[in-house]
Amino acid sequence: MDVNNVPFWQWRGASAFGLGPDAPFPATPDTVAWDAADNALTIARGEPEPELVEDEARARDLINRPSAICDSVGSFAWWDDASGHLLASGFALDPIRLADGLDDNPVIRRPSDMGFADDVAWLARDGKVAAIDMRQRWPVEIARANGFNASLISAAPASAPWALAIDTGKIARVLGSPMPEIARRVAPDDAFVPDDPDPEDLRIRIEADVRIPDPLEPVALRAGPDDQLAILCWNPGENAELLIYRHGEELRRQPLAGIRFPISLAWDGDDQLCLLATDGAGLANRVFAFDVAQIGQTDAPLTPNGRFIPLIDHAGHGLCDGPWEQAFHIVQRERPQPHLGLQRLRSISRLGHARAGSVMIGPIDSGRYDCDWHRFYCEARFPEGCGARIALHASNRPSRPDTPANSANREGWALHLAGSATAWENAPEDLYQPQWPRAAWSHSASEIAGHTGFLPCPREQGKAGLFSCLIQDGRTQVRRVSGRYLYLHLELTGDGQRSPELYGLRVYGNRFSYRDRYLPELYGETVSGPDAAEAGNATGADFLERLVHLMEGPMTEIEGRVAQGWTVSDPLTVPADGLDWLASWTGFDFGDDTDLARKRQKLLCAPHLRRLNGTLAGLNAILELETGGHLIRGGQFDPDLPAPRPGQLAQIEIAGQSYRALVLSIADPRGGGQAEVLIGGGVTRGSIVTLEGFRLRRTFATILGADLADESDPMLLGMVRSGNSVVGDSLILGAEERADLLAHFRSDLPMTASEEDDLAEFYRKLAHSVMVLVHKETLADPVDAERLMREARGMAPAHVETTLLRMTAPFMVGAASLVGIDSFLTDPAQPDPFRVESSDLSSGDVLMGTGALDRRSDGPVDPAPVAHAAGPDTVSSSDGFWLDASNSAAARGRRINRYIWTWQ
């Protein structure tokens with residue numbers, strides 16, 4: 001709402017334009033897309049419907065073969081019908097058997113499908129799921145479920161594999177992990193063992209809330225990012241369909257334009273799916289790519305996204321099931337001898353955008369009969385030759401009008417233009433008429449006072465920024481657009497290579513008319529009813545109103561900035577370049593801190609930081625702010641507990657959620673005051689602990705004389721390090737210091753006066769020191785550690801020595817350290833492979849294989865040649881150029897006899 005109390009409605013985000021499942025009202029998008037990187041509505045990329053001569057018999061023969069699989073290190077595996085074995089290659093020209101020594105096990109006979117992830121090859125055969133571990137931690141494991149015949153399978157890293165039963169359309173997850181072979185050994189009768197030695201054995205869990213709808217026939221399955229599953233289905237008599245499923249969500253589906261019998265599917269990154277199809281007697285000469293975000297958005301057939309990905313030397317094993325970040329397929333190579341190789345799919349070009357795209361939005365209910373719609377603002381970027389037609393239809397009934405697709409049904413629509421003039425110069429008459437109003441570029445980033453706008457790029461006059469236009473019907477005598485309900489039809493136009501980008505759209509309703517408010521009735525409109533809607537020149541009163549509104553627009557913006565002047569003194573709303581100026585009011589200095597969000601939070605908390613300066617509470621507060629903490633006003637403390645003091649950690653409830661918070665101030669709720677707390681930083685997360693030195697005095701005096709090597713003590717478990725650890729094993733004492741200090745505290749040894757003075761001096765030093773213990777994940781950047789140490793020393797008392805210690809082990813507090821309880825809540829660190837001259841003994845690194853499909857990846861293998869291509873840095877598109885590979889070198893003992901040039 002602006003200063004004239006005129007409300008506005010805003011569209012921002014994919015769902016607002018009807019491109020998301022949670023759209024607030026039904027929309028009908030047509031060839032438009034949402035650019036998630038720039039948060040903009042654009043014309044969809046795409047291409048015409050594929051024209052293929054598909055062979056159903058050939059396609060069915062190909063889908064009956066199991067998918068090839070590949071790993072992240074370049075090896076791959078496939079089922080070889082000639083030998084009846086799973087073969088693997090990638091590190092030598094000749095293949096090897098994937099499961100040597102398991103020939104008698106029927107699981108390696110022909111599977112119906114295969115998948116690979118996390119060093120495990122997954123096979124579907126005879127309705128069962130088998131797991132073959134490439135690191136040989138366990139023998140072949142088989143999982144089955146009653147009523148589920150696994151036909152297709154796929155796996156993605158760090159997630160449970162997916163399986164699908166073609167006969168029933170059921171989808172399942174393969175859960176659990178087989179027990180390593182070393183743990184399967186039979187324990188002696190007198191040994192203590194769990195009742196169930198393998199509680200997490202391999203098992204199949206059927207997804208009860210989803211089933212492939214009839215009459216779709218699933219032919220390919222691929223697990224992807226964010227636990228998504230892509231399913232390729234044939235539809236008898238119709239085009240094939242792509243389905244996307246995620247647990248707990250609705251199944252998204254959409255038919256494919258021009259493709260009936262695709263044979264294979266693969267993810268290529270998190271935003272694109274690739275598929276193969278037949279064409280004539282063989283395969284199509286290209287792979288078709290589709291945008292994942294478009295699947296399920298409309299009922300219209302899905303066209304390829306325009307990327308041209310050639311398919312060369314394909315070996316007939318489909319697209320590989322492997323890492324979803326990239327799509328691969330197996331190729332047949334002839335030199336230096338016939339062999340199979342792995343090739344990544346690469347697009348060599350991409351078509352531009354469609355010529356136009358449109359979306360219809362509404363109805364918008366103003367809540368006011370005969371509401372006069374006032375003005376619209378759009379934040380957009382219009383490259384040369386790109387523009388937008390914004391049509392508005394208002395009525396007092398929410399009936400949905402026809403779209404203004406042509407001149408025949410534009411009755412009732414008020415059309416407005418925005419964008420480049422060249423977008424309309426040669427447009428036909430039904431697309432452009434001179435009387436249609438044009439939106440003007442504004443020097444302001446936003447008409448909303450204090451708002452910086454949504455543009456991710458620099459503003460450029462006439463091309464990028466804020467555009468505004470008074471809502472009017474350019475064909476009628478009285479050009480107001482009136483009605484309780486409003487529909488918008490947005491049509492983006494481009495030149496085929498570029499697209500306009502719409503970042504936000506706002507429409508103001510219930511016009512504040514300067515003419516009707518400030519001028520005598522003599523100047524008011526006298527034409528009404530059907531006469532007002534007649535086509536013709538505008539009446540004098542209407543012209544006067546629109547003329548006056550040329551001044552009203554900027555005046556309203558100026559009044560808004562004056563009314564919102566207080567925002568420049570609020571740390572949350574002051575412009576970024578005014579933060580240092582506002583901080584100077586309180587004498588606050590940000591130093592070299594460049595993080596705007598952190599600077600705003602520091603400035604919000606400046607009064608508290610000044611009051612708590614030189615205290616433990618202030619030290620914790622600045623540590624919390626420096627590690628992502630933010631101020632929260634309000635919340636409920638437990639009324640049955642004593643009120644916390646500033647600087648204390650407390651449990652607080654905010655909007656029904658409980659948080660661990662650092663208290664800055666509290667107030668009596670009966671007086672209308674609110675508590676102010678910090679949450680979300682390292683102190684409240686538990687990754688930073690401040691330890692005052694004087695608190696260690698009793699610990700030294702009571703524990704340092706204990707025998708910590710007593711293995712019979714259940715509280716010590718044979719520990720030989722200091723049992724009073726606060727973080728990890730030992731913070732304080734090395735071997736020599738421990739021996740010296742133990743002598744001070746042994747009760748059976750006399751202490752001289754000098755020793756007593758040394759002990760007293762030691763205690764005095766402890767009383768004036770504080771250690772800031774920081775978990776390793778909090779400070780990944782050394783610059784952050786320097787900044788945190790500088791801020792901590794600035795807040796601590798001048799006579800206190802402040803030390804920052806980066807801890808590699810999780811925090812263990814009090815007695816928990818004696819029994820090994822990890823009190824820091826985070827995901828457990830995964831072991832890294834042991835590296836020669838890098839890993840230390842007992843550092844946590846372990847010996848492990850690569851888990852590649854081709855076990856020869858562990859070496860040794862024949863060395864590879866070194867390829868070196870020299871050429872010009874830049875070249876004109878119309879000129880030829882030379883590439884020189886003479887500096888390439890063959891491996892030792894070999895020679896180069898052929899150069900193969902490929903476009904990457």
# chains A, B, ... in the order shown; residues from 1 in each chain; ligands from 1

call {"tool": "residues_around", "arguments": {"residues": "Gly591 of chain A", "least_positions_apart": "3", "cutoff": "10 Å", "atoms": "only C-alpha atoms", "output": "PyMOL selection string"}}
result
chain A and resi 580+588+594+787+790-791

call {"tool": "residues_around", "arguments": {"residues": "segment 48-51 of chain A", "least_positions_apart": "2", "cutoff": "10 Å", "atoms": "only C-alpha atoms", "output": "mmCIF file with C-alpha atoms, in the first residue's frame"}}
result
data_model
loop_
_atom_site.group_PDB
_atom_site.id
_atom_site.type_symbol
_atom_site.label_atom_id
_atom_site.label_comp_id
_atom_site.auth_asym_id
_atom_site.auth_seq_id
_atom_site.Cartn_x
_atom_site.Cartn_y
_atom_site.Cartn_z
ATOM 1 C CA GLY A 46 12.809 -25.232 -26.960
ATOM 2 C CA VAL A 53 10.328 -42.875 -37.723
ATOM 3 C CA GLU A 54 10.305 -45.096 -34.656
ATOM 4 C CA LEU A 256 6.610 -36.113 -24.739
ATOM 5 C CA ALA A 257 6.041 -34.336 -28.021
ATOM 6 C CA GLY A 258 6.726 -36.541 -31.054
ATOM 7 C CA ILE A 259 8.325 -39.490 -29.212
ATOM 8 C CA ASP A 279 14.776 -43.576 -35.852
ATOM 9 C CA PHE A 288 16.958 -35.493 -26.694
ATOM 10 C CA PRO A 301 3.310 -32.212 -24.730
ATOM 11 C CA LEU A 302 6.862 -31.549 -23.552
ATOM 12 C CA THR A 303 9.302 -30.522 -26.278
ATOM 13 C CA PRO A 304 13.105 -30.851 -26.060
ATOM 14 C CA ASN A 305 14.887 -27.869 -24.530
ATOM 15 C CA GLY A 306 16.928 -27.095 -27.640
ATOM 16 C CA ALA A 354 10.618 -19.368 -28.915
#

call {"tool": "residues_around", "arguments": {"residues": "Ile622 of chain A", "least_positions_apart": "2", "cutoff": "8 Å", "atoms": "only C-alpha atoms", "output": "mmCIF file with C-alpha atoms, in the first residue's frame"}}
result
data_model
loop_
_atom_site.group_PDB
_atom_site.id
_atom_site.type_symbol
_atom_site.label_atom_id
_atom_site.label_comp_id
_atom_site.auth_asym_id
_atom_site.auth_seq_id
_atom_site.Cartn_x
_atom_site.Cartn_y
_atom_site.Cartn_z
ATOM 1 C CA LEU A 609 27.011 -5.020 23.115
ATOM 2 C CA GLY A 618 29.350 -9.710 25.735
ATOM 3 C CA LEU A 619 32.056 -12.096 24.564
ATOM 4 C CA ASN A 620 29.492 -14.815 23.867
ATOM 5 C CA GLU A 624 27.302 -15.609 18.270
ATOM 6 C CA LEU A 625 26.907 -12.683 15.868
ATOM 7 C CA GLU A 626 30.171 -13.390 14.076
ATOM 8 C CA GLU A 791 36.300 -9.407 17.735
ATOM 9 C CA ALA A 792 36.648 -11.651 20.793
ATOM 10 C CA MET A 795 34.922 -7.550 23.648
#

call {"tool": "atom_distance", "arguments": {"atom1": "atom CA of Pro554 of chain A", "atom2": "atom CA of Ala538 of chain A"}}
result
23.6 Å

call {"tool": "residues_around", "arguments": {"residues": "segment 681-694 of chain A", "least_positions_apart": "6", "cutoff": "6 Å", "atoms": "only C-alpha atoms", "output": "PyMOL selection string"}}
result
chain A and resi 624+627-629+660-661+766-767+769-775

call {"tool": "closest_residue", "arguments": {"among": "A:Leu152, A:Arg253, A:Ala327, A:Gly282", "to": "Cys70 of chain A", "atoms": "only C-alpha atoms"}}
result
A:Ala327

call {"tool": "residues_around", "arguments": {"residues": "segment 892-899 of chain A", "least_positions_apart": "3", "cutoff": "12 Å", "atoms": "only C-alpha atoms", "output": "JSON, numbers by chain"}}
result
{"A": [335, 336, 862, 863, 864, 865, 866, 867, 868, 869, 883, 884, 885, 886, 887, 888, 889, 902]}

call {"tool": "write_last_selection", "arguments": {"atoms": "N, CA and C atoms", "output": "CSV table (one decimal), in the first residue's frame"}}
result
chain,number,residue,atom,x,y,z
A,335,ARG,N,40.1,-48.2,-32.8
A,335,ARG,CA,41.6,-48.1,-32.7
A,335,ARG,C,42.0,-47.8,-31.2
A,336,PRO,N,43.1,-48.3,-30.8
A,336,PRO,CA,44.1,-49.1,-31.6
A,336,PRO,C,43.7,-50.5,-31.9
A,862,ASP,N,48.4,-49.4,-18.1
A,862,ASP,CA,49.3,-48.8,-19.1
A,862,ASP,C,49.2,-47.3,-19.0
A,863,PRO,N,50.3,-46.5,-19.1
A,863,PRO,CA,50.2,-45.1,-19.0
A,863,PRO,C,49.5,-44.5,-20.2
A,864,ALA,N,48.9,-43.4,-20.1
A,864,ALA,CA,48.1,-42.7,-21.1
A,864,ALA,C,49.0,-41.7,-21.9
A,865,PRO,N,48.8,-41.4,-23.1
A,865,PRO,CA,49.5,-40.4,-23.8
A,865,PRO,C,49.2,-39.0,-23.3
A,866,VAL,N,50.0,-38.0,-23.6
A,866,VAL,CA,49.8,-36.7,-23.2
A,866,VAL,C,49.4,-35.9,-24.5
A,867,ALA,N,48.1,-35.4,-24.5
A,867,ALA,CA,47.6,-34.6,-25.7
A,867,ALA,C,47.8,-33.1,-25.4
A,868,HIS,N,48.3,-32.5,-26.5
A,868,HIS,CA,48.5,-31.0,-26.4
A,868,HIS,C,48.1,-30.4,-27.7
A,869,ALA,N,47.1,-29.5,-27.7
A,869,ALA,CA,46.7,-28.9,-28.9
A,869,ALA,C,46.9,-27.4,-28.8
A,883,LEU,N,44.9,-26.1,-35.8
A,883,LEU,CA,45.3,-26.6,-34.5
A,883,LEU,C,46.5,-27.5,-34.7
A,884,ASP,N,47.5,-27.4,-33.8
A,884,ASP,CA,48.8,-28.1,-33.9
A,884,ASP,C,48.9,-29.0,-32.7
A,885,ALA,N,49.0,-30.3,-33.0
A,885,ALA,CA,49.2,-31.3,-31.9
A,885,ALA,C,50.6,-31.9,-31.9
A,886,SER,N,51.5,-31.3,-32.6
A,886,SER,CA,52.9,-31.9,-32.7
A,886,SER,C,53.6,-32.0,-31.3
A,887,ASN,N,53.1,-31.2,-30.3
A,887,ASN,CA,53.8,-31.3,-29.0
A,887,ASN,C,53.2,-32.4,-28.1
A,888,SER,N,52.3,-33.1,-28.6
A,888,SER,CA,51.7,-34.3,-27.9
A,888,SER,C,52.8,-35.3,-27.8
A,889,ALA,N,52.7,-36.2,-26.7
A,889,ALA,CA,53.7,-37.2,-26.5
A,889,ALA,C,53.1,-38.5,-26.2
A,902,THR,N,38.1,-34.1,-31.2
A,902,THR,CA,36.7,-34.1,-30.8
A,902,THR,C,36.4,-32.7,-30.2

call {"tool": "closest_residue", "arguments": {"among": "A:Gly635, A:Gly453, A:Pro161, A:Gly269", "to": "Leu175 of chain A", "atoms": "only C-alpha atoms"}}
result
A:Pro161

call {"tool": "atom_distance", "arguments": {"atom1": "atom CA of Asn149 of chain A", "atom2": "atom CA of Arg60 of chain A"}}
result
19.7 Å

call {"tool": "atom_distance", "arguments": {"atom1": "atom CA of Ile63 of chain A", "atom2": "atom CA of His85 of chain A"}}
result
18.5 Å

call {"tool": "residues_around", "arguments": {"residues": "segment 164-173 of chain A", "least_positions_apart": "3", "cutoff": "9 Å", "atoms": "only C-alpha atoms", "output": "list in words"}}
result
Gly127, Gly147, Phe148, Asn149, Ala150, Ser151, Leu152, Ile153, Ala160, Pro161, Arg203, Ile204, Arg205, Ile206, Glu207, Ala208, Val210, Arg211, Ile212, Pro213, Asp214, Leu216, Glu217, Pro218, Val219 and Leu221 of chain A

call {"tool": "decode", "arguments": {"residues": "segment 593-629 of chain A", "atoms": "N, CA and C atoms", "output": "tab-separated table (two decimals), in the first residue's frame"}}
result
chain	number	residue	atom	x	y	z
A	593	ASP	N	34.98	-5.95	8.11
A	593	ASP	CA	33.87	-6.86	7.87
A	593	ASP	C	33.07	-6.36	6.65
A	594	THR	N	32.86	-7.24	5.67
A	594	THR	CA	32.14	-6.87	4.45
A	594	THR	C	30.80	-7.57	4.32
A	595	ASP	N	30.45	-8.43	5.26
A	595	ASP	CA	29.19	-9.16	5.19
A	595	ASP	C	28.04	-8.25	5.62
A	596	LEU	N	27.14	-7.91	4.67
A	596	LEU	CA	26.09	-6.94	4.97
A	596	LEU	C	25.12	-7.46	6.01
A	597	ALA	N	24.72	-8.74	5.91
A	597	ALA	CA	23.76	-9.28	6.88
A	597	ALA	C	24.36	-9.26	8.28
A	598	ARG	N	25.64	-9.60	8.41
A	598	ARG	CA	26.27	-9.60	9.73
A	598	ARG	C	26.41	-8.19	10.27
A	599	LYS	N	26.72	-7.24	9.40
A	599	LYS	CA	26.84	-5.85	9.85
A	599	LYS	C	25.50	-5.32	10.35
A	600	ARG	N	24.42	-5.68	9.68
A	600	ARG	CA	23.10	-5.23	10.13
A	600	ARG	C	22.77	-5.82	11.50
A	601	GLN	N	23.08	-7.10	11.72
A	601	GLN	CA	22.79	-7.72	13.00
A	601	GLN	C	23.65	-7.11	14.12
A	602	LYS	N	24.89	-6.82	13.82
A	602	LYS	CA	25.75	-6.18	14.83
A	602	LYS	C	25.19	-4.81	15.22
A	603	LEU	N	24.74	-4.09	14.22
A	603	LEU	CA	24.21	-2.76	14.49
A	603	LEU	C	22.91	-2.84	15.30
A	604	LEU	N	22.09	-3.83	15.01
A	604	LEU	CA	20.86	-4.03	15.80
A	604	LEU	C	21.19	-4.29	17.27
A	605	CYS	N	22.27	-5.03	17.50
A	605	CYS	CA	22.64	-5.42	18.86
A	605	CYS	C	23.61	-4.46	19.51
A	606	ALA	N	23.95	-3.35	18.84
A	606	ALA	CA	24.95	-2.42	19.37
A	606	ALA	C	24.64	-1.95	20.78
A	607	PRO	N	23.38	-1.57	21.11
A	607	PRO	CA	23.11	-1.14	22.51
A	607	PRO	C	23.42	-2.24	23.53
A	608	HIS	N	23.09	-3.47	23.22
A	608	HIS	CA	23.38	-4.56	24.15
A	608	HIS	C	24.88	-4.82	24.24
A	609	LEU	N	25.57	-4.78	23.11
A	609	LEU	CA	27.01	-5.02	23.12
A	609	LEU	C	27.73	-3.95	23.92
A	610	ARG	N	27.28	-2.71	23.84
A	610	ARG	CA	27.91	-1.65	24.62
A	610	ARG	C	27.70	-1.89	26.11
A	611	ARG	N	26.52	-2.34	26.48
A	611	ARG	CA	26.20	-2.55	27.89
A	611	ARG	C	26.94	-3.78	28.44
A	612	LEU	N	27.18	-4.78	27.58
A	612	LEU	CA	27.81	-6.02	28.03
A	612	LEU	C	29.31	-6.05	27.73
A	613	ASN	N	29.85	-4.95	27.26
A	613	ASN	CA	31.26	-4.93	26.90
A	613	ASN	C	32.13	-5.25	28.12
A	614	GLY	N	33.15	-6.11	27.92
A	614	GLY	CA	34.05	-6.47	29.01
A	614	GLY	C	33.51	-7.57	29.90
A	615	THR	N	32.45	-8.26	29.47
A	615	THR	CA	31.89	-9.35	30.28
A	615	THR	C	31.85	-10.62	29.45
A	616	LEU	N	31.68	-11.75	30.14
A	616	LEU	CA	31.54	-13.03	29.44
A	616	LEU	C	30.31	-13.01	28.55
A	617	ALA	N	29.24	-12.35	29.01
A	617	ALA	CA	28.01	-12.27	28.21
A	617	ALA	C	28.28	-11.54	26.89
A	618	GLY	N	29.03	-10.44	26.95
A	618	GLY	CA	29.35	-9.71	25.73
A	618	GLY	C	30.23	-10.51	24.80
A	619	LEU	N	31.18	-11.26	25.38
A	619	LEU	CA	32.06	-12.10	24.56
A	619	LEU	C	31.24	-13.15	23.81
A	620	ASN	N	30.33	-13.81	24.52
A	620	ASN	CA	29.49	-14.82	23.87
A	620	ASN	C	28.59	-14.19	22.80
A	621	ALA	N	28.10	-12.97	23.08
A	621	ALA	CA	27.21	-12.31	22.12
A	621	ALA	C	27.94	-12.00	20.82
A	622	ILE	N	29.16	-11.47	20.90
A	622	ILE	CA	29.87	-11.13	19.68
A	622	ILE	C	30.29	-12.39	18.93
A	623	LEU	N	30.61	-13.47	19.65
A	623	LEU	CA	30.93	-14.74	18.99
A	623	LEU	C	29.71	-15.30	18.27
A	624	GLU	N	28.54	-15.15	18.89
A	624	GLU	CA	27.30	-15.61	18.27
A	624	GLU	C	27.01	-14.83	16.99
A	625	LEU	N	27.18	-13.51	17.04
A	625	LEU	CA	26.91	-12.68	15.87
A	625	LEU	C	27.90	-12.95	14.74
A	626	GLU	N	29.15	-13.18	15.09
A	626	GLU	CA	30.17	-13.39	14.08
A	626	GLU	C	30.00	-14.72	13.35
A	627	THR	N	29.24	-15.64	13.92
A	627	THR	CA	29.08	-16.96	13.31
A	627	THR	C	27.65	-17.20	12.86
A	628	GLY	N	26.95	-16.15	12.48
A	628	GLY	CA	25.63	-16.31	11.87
A	628	GLY	C	24.45	-16.07	12.77
A	629	GLY	N	24.65	-15.64	14.01
A	629	GLY	CA	23.53	-15.39	14.89
A	629	GLY	C	22.73	-14.17	14.48
